[in-house]
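Notes follow the structure.
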Amino acid sequence: MSKDSREPRVLLGDFTRVEFRALVESKRTHIGIVPVAATEQHLHHLEMSTDCTEVEFVTRKAAQEVAPLAVVTPTISVGVSEHHMKHAGSLTSRWEIFTEYVFDHVESLARGGLRKIVILNGHGGNNRPLASVMDRFRERLPQADLRFFSYWDLLPDEAPLAILDSRSAPGHAQEFETSALKYIAPRKVRAELVEHPEARKATRKKGKALMDLVVGALANHLRAL
């Protein structure tokens, strides 16, 4: 992601240890966001980094809206994608390896002084593995207020019905994701290779409407924390 000096810094890696400690000790920053995604096939026309691109956009933009309230860790870019492994280039992790790796990120933030932590998911295959361990995470980190959900859960129920011809989200490299990428990273869309009939209905305008709704909802959730 390109940096703009006019935008608030929200990525954890962009702070020095002195700057980060000062933010935490002043209690101006007390929320950590851990984006989790995948590197996997997205049909012929979207890059394999699609899930990462989407969740990184959502977390960065929302954190900037509420800056300096929250910081965003580096994205966990390989998730549970066994169902895509027949397509060369897809990467996958075992459930137990993936969930423990996520826990290590969460625990690191808690040890660094953050007491409210959001795991924001951008890949459907990660839902069951993470949902199955959240109670255990909370038992291991009783000092932390830990939340987990997927970014599309933040969409109002009526949004896909009103905005998308297919009337559903998120799908996989179909109208929703293709529209999202046309808005946030058009260079990642190979328009000439689109074959899926729903993906052909994707537009930048639809992507902007949906992703802006998600960013606004996440920002509101962070403020409420």
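Labels for the structure tokens follow display order: chains A, B, ..., residues from 1 in each chain, ligands from 1.
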Query raised in the report: Leaving out Thr29 in chain A and any residue of its chain fewer than 2 positions from it, which residues lie within 6 Å of it when counting only C-alpha atoms, given as a list in words?
Result: Leu23, Val24, Lys27, Pro68, Leu69 and Ala70 of chain A
Query - Separation of CA of Thr16 in chain A from CA of Ile33 in chain A, in Å and rounded to one decimal - result: 17.7 Å
**Report entry** Residues within 9 Å of Gly113 in chain A, only C-alpha atoms, excluding chain neighbours under 4 positions, as a list in words
**Finding:**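 That gives Arg21, Val24, Glu25, His30, Ser108 and Leu109 of chain A.
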File dump, residues just selected, N, CA and C atoms, as a PDB file, in the first residue's frame:
ATOM      1  N   ARG A  21       4.826   3.167  21.992  1.00  0.00           N
ATOM      2  CA  ARG A  21       4.697   3.150  23.447  1.00  0.00           C
ATOM      3  C   ARG A  21       4.003   4.418  23.947  1.00  0.00           C
ATOM      4  N   VAL A  24       0.217   4.202  23.341  1.00  0.00           N
ATOM      5  CA  VAL A  24      -0.459   3.275  24.253  1.00  0.00           C
ATOM      6  C   VAL A  24      -0.512   3.862  25.666  1.00  0.00           C
ATOM      7  N   GLU A  25       0.607   4.410  26.134  1.00  0.00           N
ATOM      8  CA  GLU A  25       0.651   4.943  27.495  1.00  0.00           C
ATOM      9  C   GLU A  25      -0.251   6.161  27.663  1.00  0.00           C
ATOM     10  N   HIS A  30      -5.783   2.280  21.852  1.00  0.00           N
ATOM     11  CA  HIS A  30      -6.001   1.112  22.711  1.00  0.00           C
ATOM     12  C   HIS A  30      -6.691  -0.043  21.998  1.00  0.00           C
ATOM     13  N   SER A 108       0.626 -10.926  21.240  1.00  0.00           N
ATOM     14  CA  SER A 108       1.679  -9.907  21.141  1.00  0.00           C
ATOM     15  C   SER A 108       1.106  -8.512  21.363  1.00  0.00           C
ATOM     16  N   LEU A 109      -0.059  -8.245  20.760  1.00  0.00           N
ATOM     17  CA  LEU A 109      -0.689  -6.938  20.960  1.00  0.00           C
ATOM     18  C   LEU A 109      -1.064  -6.727  22.423  1.00  0.00           C
TER      19      LEU A 109
END
Query raised in the report: Looking at A:Ala173, A:Leu222, A:Leu12, A:Leu210, which one is nearest to Leu155 in chain A, with distances taken over only C-alpha atoms?
Result: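 Closest to Leu155 in chain A of all the choices is A:Leu210.
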Report task. Excluding Leu46 in chain A and any residue of its chain fewer than 6 positions from it, enumerate the residues within 8 Å of it, using only C-alpha atoms, and give them as a ChimeraX atom specification. Result -> /A:173,178,188-190
